[in-house]
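In what follows, a structure is listed as C-alpha cells, so that the remarks can point back to it.
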Amino acid sequence: MKILSIESSCDETAAAITEDGRKVISSVIATQIDEHKLYGGVVPEIASRRHCENITGVCAEALEKADMTLDEIDAIAVTNAPGLIGALLVGVNFAKGLALAKNKPLIAVHHIKGHIAANYITHPELEPPYLCLVVSGGHSHIVKVNSYTELETVGKTTDDAAGEAFDKAARAMGFQYPGGVHIDRAAKQGDAKKYKLPRPATKNPYDFSFSGLKTAVINLIHNNEQKGIETDVNSLAACFQDTITSILAEKFMAAADELGYTKLALAGGVAANSMLRDKLSEMARACGKQFYMPDISLCGDNAAMIGCQGYYEYLAGNTTDMSLNAYATKKLHML
Ligand code: ATP
Ligand code: MG
Ligand code: FE
C-alpha cells in the first residue's frame with residue numbers, strides 16, 4: 001500500500017511516499033529554520049504562511065521523486081495534532097482536498113506516534129510491544145507502545161520539554177535556534193566536569209523536570225557576566241548535555257526495569273543527540289536489553305514517519321472523513 005503523507009505541525013513542510021509502513025519511496029522536507037532563526041524561535045504566523053506557500057511544491061516533488069502520479073497513491077495521511085494550530089490546519093486542509101478530489105482514504109496521524117514510527121523505517125524487524133522514550137521540541141514522554149496504534153503515556157515532563165531546554169540553554173550560550181545540535185557539537189570540545197548543575201526532582205519517578213536545570217545554566221552565565229568571569233561555553237554545553245542525557249537515560253532505564261520491558265526505543269528530534277544515543281545504547285547493552293533508535297535523518301520532523309504510522313492506523317481501521325480537524329494538543333491514547 002502506497003501512502004502520500006503530509007507533515008506541517010511546526011516549521012517543516014514535508015511530504016513523502018511510503019510503502020507498507022516500512023519503506024520510504026521519496027521524502028521531501030522544506031525547512032523554515034533560516035527564517036525563524038532571526039527571531040530566536042518559531043513565529044507561528046510566519047510558519048503557517050510558509051506552509052501555505054510550500055505545500056503544493058513539496059507534495060509535487062515527493063510524487064516526482066517517486067516517479068508516481070496521485071492516481072497511483074492508495075491513501076493520504078496527514079498530521080492533525082499536536083502542534084501549532086495554524087500550521088497544522090494548512091496540512092490538514094491540503095490533505096482533505098487531495099483525498100476529496102481523488103477519492104482516496106484519508107488518515108489522521110498523531111505527530112508523536114509518527115516520531116515513534118520512524119523506528120519502523122530504520123528497523124524493519126521492530127514490532128510492539130516496547131517502551132519508548134520520546135524526546136522532542138515539545139515532548140519528553142515515556143510511552144508504552146502496546147500495539148502499533150495503542151500507546152500509553154507513563155511519564156512526562158512537568159515543565160520544559162527536553163528539546164525546549166536544549167534550545168533555551170543554547171540561546172543563553174549564544175547559539176542560534178534551534179540550539180540542540182550546537183550544544184551537541186560544542187560539548188565534544190568541553191569538560192563535562194567543569195560546572196556543577198542541578199538534577200531537579202519529580203514526584204512521579206517517571207516524570208521529568210528540566211526548567212530548573214535550564215535556569216541554572218542561564219543564571220551561571222549571567223552571574224559570570226556580572227563578575228567579569230568568562231564562561232567556558234564548550235564546557236557548559238558539555239555539563240548541560242551530560243546532566244540532561246543522564247537524567248533521561250537513567251529514568252528511562254529504571255522505568256524499563258520496573259515495568260518489565262526488555263525491548264526499548266528512542267524517538268523525537270532530541271533522539272539525534274549523540275550523547276543520548278551513546279548512553280542509552282551502552283546502558284541497554286550492559287543489561288541485555290534490545291535498543292532501537294531511528295537513523296539520525298529520521299529523528300527530526302519529516303513526513304515519512306507520518307506515512308509509516310498512517311499505514312498502521314489504516315490497518316487498524318482508523319480512517320477519517322471530511323470533518324477532520326486539527327488540534328494543538330491531543331493525548332497519545334486518543335484516536
Ligand atoms: P514535537 O515533536 O514535540 O511536536 P517539534 O516537532 O518542534 O516538537 P522536533 O522537530 O521533533 O520538535 O525536534 C526538534 C528538537 O530537537 C529541537 O528542540 C532541537 O534542538 C532538538 N535537537 C535536534 N538535534 C539535536 C541534537 N543533536 N541534540 C539535542 N537536541 C537536538
Ligand atoms: Mg522543526
Ligand atoms: Fe516533532
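Each chain of the C-alpha cells is named A, B, ... in the order shown, its residues numbered from 1; ligands are numbered from 1 in display order.
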Next item on the list: Please give the complete set of residues from range 112-182 of chain A that DSSP, run on the backbone, assigns to alpha helix (DSSP H), formatted as an MDAnalysis selection string.
Entry: chainID A and resid 112:122 162:172 180:182
Go ahead and write the residues just picked, N, CA and C atoms, as a compact mmCIF listing (two decimals), in the first residue's frame.
```txt
# COMPACT_ATOMS: atom_id res chain seq x y z
N ILE A 112 3.35 12.62 17.45
CA ILE A 112 4.28 11.86 18.32
C ILE A 112 4.26 10.37 17.97
N LYS A 113 3.11 9.86 17.59
CA LYS A 113 3.07 8.46 17.11
C LYS A 113 3.94 8.35 15.86
N GLY A 114 3.93 9.40 15.04
CA GLY A 114 4.78 9.45 13.85
C GLY A 114 6.25 9.40 14.23
N HIS A 115 6.65 10.21 15.22
CA HIS A 115 8.06 10.18 15.65
C HIS A 115 8.47 8.76 16.06
N ILE A 116 7.59 8.09 16.80
CA ILE A 116 7.89 6.73 17.26
C ILE A 116 8.00 5.78 16.05
N ALA A 117 7.10 5.97 15.07
CA ALA A 117 7.08 5.10 13.88
C ALA A 117 8.33 5.25 13.01
N ALA A 118 9.08 6.33 13.18
CA ALA A 118 10.34 6.49 12.44
C ALA A 118 11.24 5.27 12.69
N ASN A 119 11.07 4.66 13.86
CA ASN A 119 11.85 3.45 14.18
C ASN A 119 11.54 2.28 13.25
N TYR A 120 10.28 2.21 12.76
CA TYR A 120 9.90 1.09 11.89
C TYR A 120 10.60 1.16 10.54
N ILE A 121 10.99 2.39 10.15
CA ILE A 121 11.71 2.55 8.87
C ILE A 121 13.14 2.05 9.03
N THR A 122 13.78 2.49 10.12
CA THR A 122 15.18 2.10 10.35
C THR A 122 15.31 0.62 10.75
N ALA A 162 12.52 18.33 26.75
CA ALA A 162 13.97 18.20 26.63
C ALA A 162 14.51 19.11 25.53
N GLY A 163 13.85 19.10 24.36
CA GLY A 163 14.32 19.93 23.23
C GLY A 163 14.23 21.41 23.55
N GLU A 164 13.15 21.76 24.25
CA GLU A 164 12.95 23.16 24.66
C GLU A 164 14.08 23.59 25.61
N ALA A 165 14.44 22.72 26.54
CA ALA A 165 15.52 23.02 27.48
C ALA A 165 16.85 23.16 26.72
N PHE A 166 17.09 22.26 25.78
CA PHE A 166 18.30 22.36 24.94
C PHE A 166 18.32 23.71 24.23
N ASP A 167 17.19 24.07 23.61
CA ASP A 167 17.15 25.29 22.81
C ASP A 167 17.29 26.55 23.67
N LYS A 168 16.66 26.57 24.85
CA LYS A 168 16.74 27.75 25.71
C LYS A 168 18.13 27.89 26.33
N ALA A 169 18.71 26.78 26.74
CA ALA A 169 20.08 26.81 27.29
C ALA A 169 21.05 27.25 26.20
N ALA A 170 20.82 26.74 24.98
CA ALA A 170 21.71 27.08 23.86
C ALA A 170 21.63 28.57 23.54
N ARG A 171 20.44 29.09 23.63
CA ARG A 171 20.25 30.51 23.34
C ARG A 171 21.06 31.35 24.34
N ALA A 172 21.00 30.97 25.62
CA ALA A 172 21.77 31.70 26.66
C ALA A 172 23.27 31.57 26.39
N GLY A 180 19.88 22.74 19.97
CA GLY A 180 20.27 21.41 20.43
C GLY A 180 21.51 20.88 19.72
N VAL A 181 21.52 21.00 18.42
CA VAL A 181 22.63 20.45 17.63
C VAL A 181 23.93 21.22 17.91
N HIS A 182 23.84 22.51 18.23
CA HIS A 182 25.04 23.30 18.54
C HIS A 182 25.63 22.86 19.89
```
Check: Which residues, written as a ChimeraX atom specification, have at least one atom at most 12 Å from Ile247 in chain A, with only C-alpha atoms counted and residues fewer than 2 positions away on the same chain left out?
Finding: /A:133,140,157,162,197-202,205-210,213,240-245,249-254,276,279-280
Check: Of the candidates A:Ile73, A:Ala267, A:Ile218, A:Ala326, which shows the shortest atom-to-atom distance to ligand 3, using only C-alpha atoms and all ligand atoms?
Finding: A:Ala267
Please, which residues in chain A fall within 7 Å of ligand 1 when counting only C-alpha atoms and all ligand atoms, and what is the closest atom pair and distance in Å to one decimal for each, ordered by chain then residue number, as a tab-separated table?
```
residue	atom	partner	partner_atom_place_in_ligand_line	distance
A:Ser9	CA	ligand 1	6 (O)	6.8
A:Cys10	CA	ligand 1	7 (O)	5.6
A:Pro82	CA	ligand 1	4 (O)	6.3
A:Gly83	CA	ligand 1	4 (O)	5.5
A:His111	CA	ligand 1	4 (O)	6.6
A:Ile112	CA	ligand 1	2 (O)	6.1
A:Ser136	CA	ligand 1	13 (O)	4.2
A:Gly137	CA	ligand 1	12 (O)	3.5
A:Gly138	CA	ligand 1	3 (O)	3.2
A:His139	CA	ligand 1	3 (O)	4.3
A:Gly163	CA	ligand 1	18 (O)	3.3
A:Glu164	CA	ligand 1	18 (O)	5.0
A:Phe166	CA	ligand 1	20 (O)	5.9
A:Asp167	CA	ligand 1	20 (O)	5.2
A:Pro178	CA	ligand 1	20 (O)	4.5
A:Gly179	CA	ligand 1	20 (O)	4.9
A:Gly180	CA	ligand 1	20 (O)	3.4
A:Val181	CA	ligand 1	27 (N)	3.9
A:Ile183	CA	ligand 1	28 (N)	6.7
A:Asp184	CA	ligand 1	28 (N)	5.1
A:Gly268	CA	ligand 1	11 (O)	4.6
A:Gly269	CA	ligand 1	13 (O)	3.2
A:Val270	CA	ligand 1	30 (N)	4.0
A:Ala271	CA	ligand 1	25 (C)	6.9
A:Ala272	CA	ligand 1	27 (N)	4.5
A:Asn273	CA	ligand 1	27 (N)	3.6
A:Ser274	CA	ligand 1	27 (N)	6.1
A:Cys299	CA	ligand 1	11 (O)	6.7
A:Gly300	CA	ligand 1	10 (O)	4.3
A:Asp301	CA	ligand 1	10 (O)	4.5
```
Would you mind exporting C-alpha atoms of the selected residues as a PDB file, in the first residue's frame?
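As a result, part.pdb now contains:
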```
ATOM      1  CA  SER A   9       2.907  20.729  12.600  1.00  0.00           C
ATOM      2  CA  CYS A  10       5.755  23.168  13.239  1.00  0.00           C
ATOM      3  CA  PRO A  82      -0.404  18.177  18.225  1.00  0.00           C
ATOM      4  CA  GLY A  83       1.434  21.297  17.065  1.00  0.00           C
ATOM      5  CA  HIS A 111       2.690  13.673  15.361  1.00  0.00           C
ATOM      6  CA  ILE A 112       4.281  11.858  18.317  1.00  0.00           C
ATOM      7  CA  SER A 136      11.441  16.401  21.082  1.00  0.00           C
ATOM      8  CA  GLY A 137      10.859  20.144  20.921  1.00  0.00           C
ATOM      9  CA  GLY A 138       7.572  19.903  22.789  1.00  0.00           C
ATOM     10  CA  HIS A 139       7.591  16.463  24.463  1.00  0.00           C
ATOM     11  CA  GLY A 163      14.322  19.926  23.233  1.00  0.00           C
ATOM     12  CA  GLU A 164      12.948  23.160  24.662  1.00  0.00           C
ATOM     13  CA  PHE A 166      18.304  22.357  24.944  1.00  0.00           C
ATOM     14  CA  ASP A 167      17.146  25.295  22.808  1.00  0.00           C
ATOM     15  CA  PRO A 178      17.432  25.505  17.177  1.00  0.00           C
ATOM     16  CA  GLY A 179      20.332  25.123  19.572  1.00  0.00           C
ATOM     17  CA  GLY A 180      20.268  21.406  20.427  1.00  0.00           C
ATOM     18  CA  VAL A 181      22.632  20.453  17.632  1.00  0.00           C
ATOM     19  CA  ILE A 183      25.230  22.073  22.154  1.00  0.00           C
ATOM     20  CA  ASP A 184      25.876  18.558  20.830  1.00  0.00           C
ATOM     21  CA  GLY A 268      11.881  12.583  18.533  1.00  0.00           C
ATOM     22  CA  GLY A 269      14.202  15.407  17.476  1.00  0.00           C
ATOM     23  CA  VAL A 270      16.429  15.068  20.569  1.00  0.00           C
ATOM     24  CA  ALA A 271      16.968  11.393  19.657  1.00  0.00           C
ATOM     25  CA  ALA A 272      19.592  12.843  17.266  1.00  0.00           C
ATOM     26  CA  ASN A 273      21.739  13.796  20.276  1.00  0.00           C
ATOM     27  CA  SER A 274      24.981  11.836  20.102  1.00  0.00           C
ATOM     28  CA  CYS A 299      14.700  11.952  14.158  1.00  0.00           C
ATOM     29  CA  GLY A 300      13.564  15.480  13.287  1.00  0.00           C
ATOM     30  CA  ASP A 301      10.212  16.305  11.704  1.00  0.00           C
TER      31      ASP A 301
END
```
Next item on the list: May I have the residues within 12 Å of Ala77 in chain A as JSON, numbers by chain, using only C-alpha atoms and disregarding those fewer than 4 positions away in the same chain?
Entry: {"A": [2, 3, 4, 5, 6, 7, 8, 14, 15, 16, 17, 18, 21, 73, 91, 92, 93, 94, 95, 96, 98, 99, 104, 105, 106, 107, 108, 109, 110, 111, 114, 303, 304, 305, 306, 307, 308, 309, 310, 311, 312, 313, 314, 318, 319, 320, 321, 324]}
